[in-house]
$ cat input.cif   # mmCIF, C-alpha atoms and all ligand atoms
data_entry
#
loop_
_atom_site.label_atom_id
_atom_site.label_comp_id
_atom_site.auth_asym_id
_atom_site.auth_seq_id
_atom_site.Cartn_x
_atom_site.Cartn_y
_atom_site.Cartn_z
CA MET A 1 0.00 0.00 0.00
CA ALA A 2 2.56 2.58 -1.09
CA ASP A 3 -0.22 4.80 -2.42
CA THR A 4 -2.67 5.66 0.34
CA SER A 5 -5.05 7.81 -1.70
CA GLU A 6 -7.67 5.09 -2.17
CA PHE A 7 -7.51 4.24 1.54
CA ASP A 8 -8.01 7.90 2.50
CA THR A 9 -11.20 8.24 0.48
CA LEU A 10 -12.62 4.93 1.74
CA ALA A 11 -11.91 6.01 5.32
CA VAL A 12 -14.03 9.13 4.94
CA ARG A 13 -16.74 8.09 2.50
CA THR A 14 -17.57 4.39 2.90
CA GLY A 15 -20.75 3.24 4.63
CA ILE A 16 -22.80 6.41 4.35
CA HIS A 17 -26.47 5.71 3.59
CA ARG A 18 -28.30 9.00 4.12
CA SER A 19 -31.71 9.02 5.75
CA GLN A 20 -34.72 11.00 4.45
CA PHE A 21 -33.26 14.06 6.25
CA GLY A 22 -30.16 14.25 4.05
CA GLU A 23 -27.76 14.61 6.98
CA HIS A 24 -24.13 15.21 5.99
CA SER A 25 -22.40 13.51 8.91
CA GLU A 26 -23.10 9.86 9.67
CA ALA A 27 -26.38 9.48 11.58
CA MET A 28 -26.41 7.84 15.00
CA TYR A 29 -29.30 5.41 15.31
CA LEU A 30 -29.80 5.02 19.05
CA THR A 31 -32.64 2.54 18.99
CA SER A 32 -32.87 -0.96 20.38
CA SER A 33 -35.54 -2.14 17.93
CA PHE A 34 -37.12 -1.25 14.57
CA VAL A 35 -40.81 -1.05 13.64
CA PHE A 36 -42.51 -2.92 10.82
CA GLU A 37 -45.20 -1.59 8.54
CA ASN A 38 -47.43 -4.58 9.15
CA ALA A 39 -47.51 -8.15 10.37
CA ALA A 40 -46.52 -9.58 7.01
CA GLN A 41 -43.39 -7.43 6.88
CA ALA A 42 -42.47 -8.43 10.42
CA ALA A 43 -42.86 -12.08 9.50
CA ALA A 44 -40.80 -11.66 6.32
CA ARG A 45 -37.95 -9.99 8.20
CA PHE A 46 -37.88 -12.73 10.80
CA THR A 47 -37.74 -15.51 8.20
CA GLY A 48 -35.03 -13.61 6.34
CA GLY A 49 -37.28 -13.30 3.30
CA ALA A 50 -37.06 -9.49 3.46
CA GLU A 51 -34.00 -7.34 4.18
CA GLY A 52 -34.19 -4.91 7.06
CA ASN A 53 -33.39 -4.28 10.69
CA ILE A 54 -35.20 -6.04 13.51
CA TYR A 55 -33.30 -5.52 16.72
CA SER A 56 -29.94 -3.90 17.49
CA ARG A 57 -28.42 -7.07 18.92
CA PHE A 58 -28.69 -8.35 15.30
CA THR A 59 -28.11 -5.28 13.14
CA ASN A 60 -28.17 -1.50 13.49
CA PRO A 61 -27.55 1.03 10.69
CA THR A 62 -24.75 2.90 12.54
CA VAL A 63 -23.02 -0.37 13.40
CA SER A 64 -23.45 -1.55 9.79
CA ALA A 65 -21.82 1.67 8.56
CA PHE A 66 -18.80 1.03 10.77
CA GLN A 67 -18.61 -2.58 9.56
CA GLU A 68 -18.73 -1.53 5.92
CA ARG A 69 -16.03 1.09 6.40
CA LEU A 70 -13.63 -1.15 8.33
CA ALA A 71 -14.13 -4.00 5.83
CA ALA A 72 -13.21 -1.59 3.01
CA LEU A 73 -10.08 -0.44 4.84
CA GLU A 74 -8.89 -4.02 5.40
CA GLY A 75 -9.67 -4.89 1.78
CA ALA A 76 -12.25 -7.44 2.99
CA GLU A 77 -15.69 -8.58 1.92
CA ALA A 78 -17.20 -8.53 5.38
CA CYS A 79 -16.84 -7.29 8.95
CA VAL A 80 -18.72 -8.12 12.14
CA ALA A 81 -18.42 -5.48 14.88
CA THR A 82 -18.30 -6.54 18.52
CA ALA A 83 -18.56 -4.89 21.94
CA SER A 84 -14.81 -5.11 22.56
CA GLY A 85 -11.63 -6.62 21.19
CA MET A 86 -11.94 -9.58 23.56
CA SER A 87 -15.45 -10.37 22.37
CA ALA A 88 -14.13 -10.34 18.77
CA ILE A 89 -11.61 -13.02 19.75
CA LEU A 90 -14.27 -14.96 21.68
CA ALA A 91 -16.73 -14.80 18.77
CA THR A 92 -14.04 -16.09 16.40
CA ALA A 93 -13.07 -18.93 18.73
CA MET A 94 -16.71 -19.93 19.32
CA THR A 95 -17.26 -19.99 15.57
CA VAL A 96 -14.25 -21.89 14.29
CA LEU A 97 -13.50 -24.22 17.25
CA LYS A 98 -15.21 -27.11 19.00
CA ALA A 99 -14.26 -29.43 21.86
CA GLY A 100 -11.19 -31.47 20.93
CA ASP A 101 -9.68 -28.82 18.66
CA HIS A 102 -6.20 -27.43 19.07
CA VAL A 103 -5.05 -23.80 18.77
CA LEU A 104 -1.59 -22.41 18.11
CA CYS A 105 -1.11 -18.93 19.54
CA SER A 106 1.92 -16.66 19.59
CA ALA A 107 3.31 -16.47 23.13
CA SER A 108 3.43 -12.71 23.46
CA VAL A 109 -0.23 -11.88 22.84
CA PHE A 110 -2.44 -9.58 24.90
CA GLY A 111 -2.80 -10.89 28.49
CA SER A 112 -6.56 -11.44 28.35
CA THR A 113 -6.11 -13.39 25.09
CA VAL A 114 -3.83 -15.83 26.93
CA GLN A 115 -6.44 -16.20 29.70
CA LEU A 116 -9.26 -16.67 27.19
CA PHE A 117 -7.49 -19.44 25.28
CA SER A 118 -5.95 -21.24 28.25
CA ASN A 119 -8.50 -20.88 31.05
CA ILE A 120 -11.89 -20.25 29.47
CA LEU A 121 -11.68 -22.24 26.22
CA GLY A 122 -9.56 -24.86 28.01
CA LYS A 123 -12.59 -25.61 30.19
CA PHE A 124 -14.53 -26.58 27.05
CA GLY A 125 -11.93 -29.01 25.72
CA VAL A 126 -10.00 -26.67 23.41
CA GLU A 127 -6.27 -26.98 23.92
CA THR A 128 -3.86 -24.14 23.14
CA THR A 129 -0.11 -24.28 22.59
CA PHE A 130 1.81 -21.02 22.82
CA VAL A 131 4.73 -20.65 20.41
CA ALA A 132 7.45 -18.09 19.68
CA GLY A 133 5.61 -15.89 17.20
CA ALA A 134 8.62 -14.84 15.16
CA SER A 135 9.83 -18.39 14.46
CA VAL A 136 7.99 -19.99 11.53
CA ALA A 137 9.71 -23.29 12.42
CA ALA A 138 8.22 -23.15 15.93
CA TRP A 139 4.70 -22.86 14.47
CA GLU A 140 5.34 -25.71 12.03
CA GLY A 141 6.81 -27.89 14.75
CA ALA A 142 3.83 -27.39 17.06
CA LEU A 143 1.17 -28.26 14.45
CA ARG A 144 -1.06 -31.24 15.27
CA PRO A 145 -3.62 -33.08 13.17
CA ASP A 146 -6.35 -31.41 15.27
CA THR A 147 -4.94 -27.86 14.92
CA LYS A 148 -7.77 -25.66 13.61
CA LEU A 149 -6.65 -22.11 14.37
CA LEU A 150 -3.38 -20.16 14.30
CA PHE A 151 -3.68 -16.91 16.22
CA VAL A 152 -0.98 -14.25 16.05
CA GLU A 153 -0.40 -10.67 17.13
CA THR A 154 2.25 -8.74 15.18
CA PRO A 155 4.13 -6.63 16.18
CA SER A 156 4.14 -8.24 19.60
CA ASN A 157 3.63 -6.41 22.86
CA PRO A 158 5.87 -5.11 24.38
CA LEU A 159 8.97 -6.24 22.47
CA THR A 160 7.65 -5.51 18.94
CA GLU A 161 8.68 -8.88 17.51
CA ILE A 162 7.39 -9.37 13.98
CA ALA A 163 5.66 -12.56 12.84
CA ASP A 164 5.78 -13.36 9.12
CA ILE A 165 2.08 -13.26 8.15
CA ALA A 166 2.54 -14.67 4.63
CA ALA A 167 4.66 -17.56 5.91
CA LEU A 168 2.18 -18.35 8.71
CA ALA A 169 -0.69 -18.24 6.21
CA ALA A 170 1.12 -20.94 4.21
CA VAL A 171 1.65 -23.02 7.39
CA ALA A 172 -2.05 -22.71 8.27
CA ARG A 173 -3.11 -23.65 4.73
CA SER A 174 -0.88 -26.72 4.72
CA ALA A 175 -2.56 -27.87 7.94
CA GLY A 176 -6.12 -27.07 6.88
CA ALA A 177 -6.32 -24.50 9.69
CA LEU A 178 -7.27 -20.81 9.69
CA LEU A 179 -4.87 -17.94 10.39
CA ALA A 180 -6.30 -15.07 12.47
CA VAL A 181 -4.20 -11.92 12.92
CA ASP A 182 -4.84 -9.45 15.74
CA ASN A 183 -4.09 -6.25 13.82
CA CYS A 184 -4.52 -3.93 16.80
CA PHE A 185 -1.04 -2.40 16.81
CA CYS A 186 -0.79 -1.62 13.09
CA THR A 187 -4.40 -1.16 11.97
CA PRO A 188 -5.14 -1.43 8.21
CA ALA A 189 -3.44 1.94 7.76
CA LEU A 190 -0.08 0.20 8.22
CA GLN A 191 -0.71 -3.50 7.60
CA GLN A 192 -3.40 -5.45 5.74
CA PRO A 193 -3.09 -9.10 6.83
CA LEU A 194 -5.77 -10.43 4.44
CA LYS A 195 -3.69 -9.25 1.49
CA LEU A 196 -0.79 -11.27 2.94
CA GLY A 197 -2.90 -14.44 3.06
CA ALA A 198 -4.48 -14.34 6.53
CA ASP A 199 -8.03 -15.71 6.79
CA LEU A 200 -9.34 -13.37 9.47
CA VAL A 201 -8.36 -10.07 11.05
CA ILE A 202 -9.26 -9.26 14.66
CA HIS A 203 -9.45 -5.73 16.06
CA SER A 204 -9.63 -4.11 19.41
CA ALA A 205 -11.24 -0.94 18.04
CA THR A 206 -10.74 0.46 21.54
CA LYS A 207 -7.17 1.28 20.57
CA TYR A 208 -6.14 3.05 17.36
CA LEU A 209 -9.43 2.74 15.45
CA ASP A 210 -11.05 5.03 18.02
CA GLY A 211 -7.67 6.60 18.60
CA GLN A 212 -8.81 8.96 21.31
CA GLY A 213 -9.44 6.63 24.24
CA ARG A 214 -13.22 7.08 24.35
CA VAL A 215 -15.07 3.83 23.75
CA LEU A 216 -14.68 0.04 23.72
CA GLY A 217 -15.23 -1.84 20.50
CA GLY A 218 -13.96 -4.70 18.40
CA ALA A 219 -14.34 -6.39 15.04
CA VAL A 220 -13.73 -9.56 13.06
CA VAL A 221 -12.92 -8.94 9.39
CA GLY A 222 -12.67 -11.44 6.54
CA PRO A 223 -14.27 -13.06 3.53
CA ARG A 224 -18.04 -13.48 3.49
CA GLY A 225 -19.26 -17.04 3.89
CA ALA A 226 -19.06 -19.76 6.46
CA VAL A 227 -16.76 -18.09 8.93
CA MET A 228 -18.21 -14.59 8.90
CA ASP A 229 -21.77 -15.91 8.77
CA GLY A 230 -20.83 -18.03 11.75
CA VAL A 231 -19.32 -15.10 13.65
CA TYR A 232 -22.44 -13.02 13.00
CA GLY A 233 -24.63 -15.97 14.04
CA PHE A 234 -22.76 -16.25 17.33
CA LEU A 235 -23.03 -12.51 17.93
CA ARG A 236 -26.75 -12.14 17.27
CA THR A 237 -27.47 -15.05 19.59
CA ALA A 238 -24.89 -14.60 22.34
CA GLY A 239 -25.08 -10.80 22.30
CA PRO A 240 -21.65 -9.09 22.59
CA SER A 241 -22.79 -6.61 19.91
CA LEU A 242 -21.31 -3.15 19.40
CA SER A 243 -23.47 -0.28 20.66
CA PRO A 244 -24.56 2.22 17.97
CA PHE A 245 -23.13 5.08 20.01
CA ASN A 246 -19.71 3.41 20.11
CA ALA A 247 -19.99 2.57 16.41
CA TRP A 248 -20.56 6.24 15.63
CA VAL A 249 -17.49 7.29 17.65
CA LEU A 250 -15.43 4.62 15.86
CA LEU A 251 -16.70 5.75 12.43
CA LYS A 252 -15.37 9.23 13.15
CA GLY A 253 -12.12 7.68 14.41
CA LEU A 254 -11.61 5.84 11.12
CA GLU A 255 -11.73 9.12 9.18
CA THR A 256 -8.46 10.25 10.77
CA LEU A 257 -6.90 6.80 11.24
CA ARG A 258 -4.27 7.02 8.49
CA ILE A 259 -3.01 10.48 9.33
CA ARG A 260 -2.89 9.65 13.04
CA MET A 261 -1.01 6.37 12.41
CA ASP A 262 1.43 8.16 10.12
CA ALA A 263 2.07 11.03 12.54
CA GLN A 264 2.35 8.77 15.59
CA SER A 265 4.61 6.29 13.76
CA GLN A 266 6.81 9.14 12.56
CA ALA A 267 7.13 10.50 16.11
CA ALA A 268 7.74 6.97 17.46
CA LEU A 269 10.58 6.47 14.97
CA GLN A 270 12.19 9.75 15.98
CA LEU A 271 11.78 8.92 19.66
CA ALA A 272 13.31 5.45 19.06
CA GLN A 273 16.28 7.02 17.25
CA TRP A 274 16.76 9.51 20.10
CA LEU A 275 16.56 6.75 22.72
CA GLU A 276 19.05 4.61 20.79
CA ARG A 277 21.60 7.45 21.02
CA HIS A 278 20.88 8.08 24.71
CA THR A 279 23.62 6.98 27.15
CA GLY A 280 21.05 5.88 29.76
CA ILE A 281 19.53 3.28 27.43
CA GLU A 282 20.59 -0.35 27.11
CA ARG A 283 18.45 -1.34 24.12
CA VAL A 284 15.54 -0.05 22.03
CA TYR A 285 12.83 -2.24 20.48
CA TYR A 286 11.16 -0.63 17.47
CA PRO A 287 10.43 -2.29 14.08
CA GLY A 288 11.36 0.89 12.19
CA LEU A 289 14.98 0.86 13.42
CA PRO A 290 17.61 -0.92 11.30
CA SER A 291 18.87 -2.46 14.59
CA HIS A 292 15.57 -4.37 14.95
CA PRO A 293 16.27 -8.08 14.24
CA GLN A 294 13.36 -8.24 11.77
CA TYR A 295 13.70 -4.80 10.24
CA ALA A 296 13.55 -6.21 6.69
CA LEU A 297 10.40 -8.23 7.35
CA ALA A 298 8.76 -5.26 9.09
CA LYS A 299 9.56 -3.07 6.11
CA LYS A 300 8.03 -5.60 3.72
CA GLN A 301 4.92 -6.26 5.78
CA GLN A 302 4.14 -2.89 7.38
CA ARG A 303 3.99 0.54 5.79
CA LEU A 304 5.51 2.14 8.93
CA GLY A 305 6.81 0.94 12.31
CA GLY A 306 3.76 1.81 14.43
CA ALA A 307 3.48 3.97 17.52
CA VAL A 308 4.76 1.64 20.24
CA VAL A 309 8.40 1.90 21.34
CA SER A 310 9.91 -0.23 24.10
CA PHE A 311 13.29 0.28 25.67
CA GLU A 312 15.51 -1.18 28.38
CA VAL A 313 17.02 1.45 30.66
CA LYS A 314 20.38 0.98 32.41
CA GLY A 315 19.87 0.40 36.14
CA GLY A 316 16.94 -2.03 36.10
CA ARG A 317 13.68 -1.51 37.93
CA GLU A 318 14.90 1.40 40.05
CA THR A 319 15.74 3.53 37.03
CA ALA A 320 12.67 2.37 35.10
CA TRP A 321 10.34 3.37 37.93
CA ARG A 322 12.18 6.70 38.27
CA VAL A 323 11.59 7.43 34.57
CA VAL A 324 7.88 6.66 35.06
CA ASP A 325 7.60 8.72 38.23
CA GLU A 326 9.46 11.73 36.84
CA THR A 327 6.99 12.16 33.97
CA ARG A 328 4.64 15.11 34.26
CA MET A 329 2.75 14.96 30.97
CA ILE A 330 2.88 11.33 29.75
CA SER A 331 0.03 9.25 31.22
CA ILE A 332 1.02 6.36 33.48
CA THR A 333 -1.41 3.77 32.16
CA ALA A 334 -1.28 0.40 30.48
CA ASN A 335 -3.62 1.49 27.69
CA LEU A 336 -2.39 2.45 24.23
CA GLY A 337 -3.70 3.72 20.94
CA ASP A 338 -4.53 7.18 22.20
CA THR A 339 -3.51 10.66 21.05
CA LYS A 340 -2.14 11.00 24.60
CA THR A 341 1.26 9.36 25.07
CA THR A 342 1.26 6.56 27.66
CA ILE A 343 4.03 4.80 29.59
CA THR A 344 4.03 1.45 31.36
CA HIS A 345 6.49 -0.81 33.20
CA PRO A 346 5.48 -4.24 31.84
CA ALA A 347 7.37 -6.35 34.42
CA THR A 348 5.27 -5.00 37.31
CA THR A 349 1.97 -4.33 35.49
CA THR A 350 0.81 -6.09 32.32
CA HIS A 351 3.29 -8.95 32.79
CA GLY A 352 3.43 -8.84 36.61
CA ARG A 353 1.38 -11.96 37.18
CA ILE A 354 3.63 -14.33 35.23
CA SER A 355 6.62 -15.90 36.99
CA ALA A 356 10.01 -14.20 36.97
CA GLU A 357 11.44 -17.08 34.87
CA ALA A 358 8.64 -16.86 32.30
CA ARG A 359 9.19 -13.11 32.12
CA LYS A 360 12.90 -13.61 31.62
CA ALA A 361 12.23 -16.22 28.91
CA ALA A 362 9.94 -13.71 27.19
CA GLY A 363 12.72 -11.10 27.32
CA ILE A 364 10.79 -8.71 29.56
CA GLY A 365 13.43 -7.29 31.88
CA GLU A 366 13.07 -5.19 35.02
CA GLY A 367 14.43 -2.17 33.16
CA LEU A 368 11.97 -2.41 30.27
CA LEU A 369 9.55 0.44 29.60
CA ARG A 370 6.87 0.69 26.91
CA VAL A 371 5.80 4.00 25.48
CA ALA A 372 2.81 4.34 23.13
CA VAL A 373 3.50 7.61 21.36
CA GLY A 374 0.60 10.03 20.96
CA LEU A 375 0.21 13.30 19.13
CA GLU A 376 1.82 15.75 21.59
CA SER A 377 4.96 17.58 20.49
CA LEU A 378 7.89 15.18 20.29
CA GLY A 379 10.06 17.67 22.18
CA ASP A 380 7.68 17.57 25.14
CA ILE A 381 7.63 13.76 25.13
CA GLN A 382 11.44 13.66 25.07
CA ALA A 383 11.74 16.25 27.84
CA ASP A 384 9.31 14.25 29.96
CA LEU A 385 11.40 11.08 29.59
CA GLU A 386 14.75 12.87 29.87
CA ARG A 387 13.98 14.02 33.45
CA GLY A 388 14.09 10.44 34.77
CA LEU A 389 16.81 9.22 32.43
CA SER A 390 19.43 11.81 33.32
C1 LIG B 401 -6.56 -4.25 24.05
C2 LIG B 401 -6.25 -5.39 23.20
C3 LIG B 401 -7.17 -6.43 23.02
C4 LIG B 401 -8.50 -6.47 23.76
O1 LIG B 401 -9.33 -5.44 23.37
P1 LIG B 401 -10.49 -4.82 24.31
O2 LIG B 401 -11.14 -3.85 23.41
O3 LIG B 401 -9.81 -4.24 25.49
O4 LIG B 401 -11.37 -5.96 24.69
C5 LIG B 401 -6.83 -7.46 22.16
N1 LIG B 401 -5.66 -7.46 21.51
C6 LIG B 401 -4.75 -6.48 21.66
C7 LIG B 401 -3.49 -6.54 20.91
C8 LIG B 401 -5.01 -5.42 22.51
O5 LIG B 401 -4.09 -4.45 22.67
#

$ encode --input "input.cif" --output "structure tokens"
Amino acid sequence: MADTSEFDTLAVRTGIHRSQFGEHSEAMYLTSSFVFENAAQAAARFTGGAEGNIYSRFTNPTVSAFQERLAALEGAEACVATASGMSAILATAMTVLKAGDHVLCSASVFGSTVQLFSNILGKFGVETTFVAGASVAAWEGALRPDTKLLFVETPSNPLTEIADIAALAAVARSAGALLAVDNCFCTPALQQPLKLGADLVIHSATKYLDGQGRVLGGAVVGPRGAVMDGVYGFLRTAGPSLSPFNAWVLLKGLETLRIRMDAQSQAALQLAQWLERHTGIERVYYPGLPSHPQYALAKKQQRLGGAVVSFEVKGGRETAWRVVDETRMISITANLGDTKTTITHPATTTHGRISAEARKAAGIGEGLLRVAVGLESLGDIQADLERGLS
């Protein structure tokens, strides 16, 4: 996607179906149900014989607009919006898996994703093996005859390891399994997994799709047909549907997605370069730096490096905590994907519950900090970090 002009127009114009009032901005349909003209129409809608909305757990025009727009941006046929990123992962799992199936998941996925696969789905007879996401051989080696789903997050959090989507798609195909990519960190503005061969894309719309930290939302994106029909079937019955208010906020977020991702990635790259030169820093993890072990793959697969930069400070936890505590502007919070820059100490927060050995194996040291770069002036972000570093 070297040329972003098509993307930019889709982001602003897709999914608009004006009402009889001719509103210019997308309308927000805050209604739980829809009325029918007569009994026959009601009956026809319920049997599926006539198109039209029935109830907002099933469909809602504002939610449909968001689905249409996000599908267009991912280059997909279909999208099902969900109440949160986690319910998008749950809806996918409930659709493509049954008791006795096996899942391969990259080890450094979002914490709740690990819990969902191991504890919740484990209870229903679905077994999950966690593998090193960046090693194609590790995925191949862990395949079993009953493997039905490969689930990967790339870049990983917090170390920004890159998994090779095209290679994993080939591994999944060879095993008759599906590849689902959690595209939260890159968004379609930087990476379009379906074009690289993935079967499904998962989003936590809570992060960059909203982009301003306002609402929860999620989505599953992919080809129409069995899987997406299945995901929608799960959603309309089980109910983790996206609220029309949140869908409206997310629609407006998508309009500025590409320019936000570009600006925040650009600032993140400059911050990463500055940190790499800083004497107080041991190591910087950022896919846009030539020092990143998978720089070439990142360059091939992503348009830019993304907005998340992690770095190991000299002096371990003491220094890391000092850097956090000396900030005055940057928000101390584990969230990301906001215009406001955030900082977190993974070893004692997001990754605090796993054992020290497991943390060490995952490469998450006591001196590691993760910054999700927002839209403030880069000079102010640097000054805020410099206070604790010097
Ligand atoms: C936040 C996040 C999720 C979960 O999304 P929610 O909207 O919080 O449910 C899933 N994957 C990644 C990569 C995330 O960062």

$ atom_distance --input "input.cif" --atom1 "CA of Glu161 in chain A" --atom2 "CA of Ala134 in chain A"
6.4 Å

$ closest_atom_pairs --input "input.cif" --of "chain A" --to "ligand LIG 401 (chain B)" --cutoff "10 Å" --atoms "all atoms listed in the file" --output "Markdown table"
| residue | atom | partner | partner_atom | distance |
| --- | --- | --- | --- | --- |
| A:Thr82 | CA | B:LIG401 | O2 | 9.1 |
| A:Ala83 | CA | B:LIG401 | O2 | 7.6 |
| A:Ser84 | CA | B:LIG401 | O2 | 4.0 |
| A:Gly85 | CA | B:LIG401 | O1 | 3.4 |
| A:Met86 | CA | B:LIG401 | O4 | 3.8 |
| A:Ser87 | CA | B:LIG401 | O4 | 6.4 |
| A:Ala88 | CA | B:LIG401 | O4 | 7.9 |
| A:Ile89 | CA | B:LIG401 | C5 | 7.7 |
| A:Leu90 | CA | B:LIG401 | O4 | 9.9 |
| A:Ser108 | CA | B:LIG401 | C7 | 9.6 |
| A:Val109 | CA | B:LIG401 | C7 | 6.5 |
| A:Phe110 | CA | B:LIG401 | C6 | 5.0 |
| A:Gly111 | CA | B:LIG401 | C5 | 8.3 |
| A:Ser112 | CA | B:LIG401 | C4 | 7.0 |
| A:Thr113 | CA | B:LIG401 | C5 | 6.7 |
| A:Val152 | CA | B:LIG401 | C7 | 9.5 |
| A:Glu153 | CA | B:LIG401 | C7 | 6.4 |
| A:Thr154 | CA | B:LIG401 | C7 | 8.4 |
| A:Pro155 | CA | B:LIG401 | C7 | 9.0 |
| A:Ser156 | CA | B:LIG401 | C7 | 7.9 |
| A:Asn157 | CA | B:LIG401 | C7 | 7.4 |
| A:Val181 | CA | B:LIG401 | C7 | 9.7 |
| A:Asp182 | CA | B:LIG401 | C7 | 6.1 |
| A:Asn183 | CA | B:LIG401 | C7 | 7.1 |
| A:Cys184 | CA | B:LIG401 | C7 | 5.0 |
| A:Phe185 | CA | B:LIG401 | C7 | 6.3 |
| A:Cys186 | CA | B:LIG401 | C7 | 9.6 |
| A:Ile202 | CA | B:LIG401 | N1 | 7.9 |
| A:His203 | CA | B:LIG401 | N1 | 6.9 |
| A:Ser204 | CA | B:LIG401 | O1 | 4.2 |
| A:Ala205 | CA | B:LIG401 | O2 | 6.1 |
| A:Thr206 | CA | B:LIG401 | O2 | 4.7 |
| A:Lys207 | CA | B:LIG401 | C1 | 6.6 |
| A:Tyr208 | CA | B:LIG401 | O5 | 9.4 |
| A:Val215 | CA | B:LIG401 | O2 | 8.6 |
| A:Leu216 | CA | B:LIG401 | O2 | 5.3 |
| A:Gly217 | CA | B:LIG401 | O2 | 5.4 |
| A:Gly218 | CA | B:LIG401 | O2 | 5.8 |
| A:Ala219 | CA | B:LIG401 | O2 | 9.3 |
| A:Ala334 | CA | B:LIG401 | C1 | 9.5 |
| A:Asn335 | CA | B:LIG401 | C1 | 7.4 |
| A:Leu336 | CA | B:LIG401 | O5 | 7.3 |
| A:Gly337 | CA | B:LIG401 | O5 | 8.4 |

$ closest_residue --input "input.cif" --among "A:Gly75, A:Gly305, A:Gly233, A:Pro145" --to "Thr95 in chain A" --atoms "only C-alpha atoms"
A:Gly233

$ closest_residue --input "input.cif" --among "A:Glu74, A:Glu51, A:Glu282, A:Glu26" --to "Leu200 in chain A" --atoms "only C-alpha atoms"
A:Glu74

$ closest_residue --input "input.cif" --among "A:Ser377, A:Gln115, A:Thr350, A:Thr339" --to "Ile259 in chain A" --atoms "all atoms listed in the file"
A:Thr339

$ atom_distance --input "input.cif" --atom1 "CA of Arg144 in chain A" --atom2 "CA of Leu178 in chain A"
13.4 Å

$ closest_residue --input "input.cif" --among "A:Gly367, A:Gly225, A:Gly176, A:Pro240" --to "Glu312 in chain A" --atoms "all atoms listed in the file"
A:Gly367
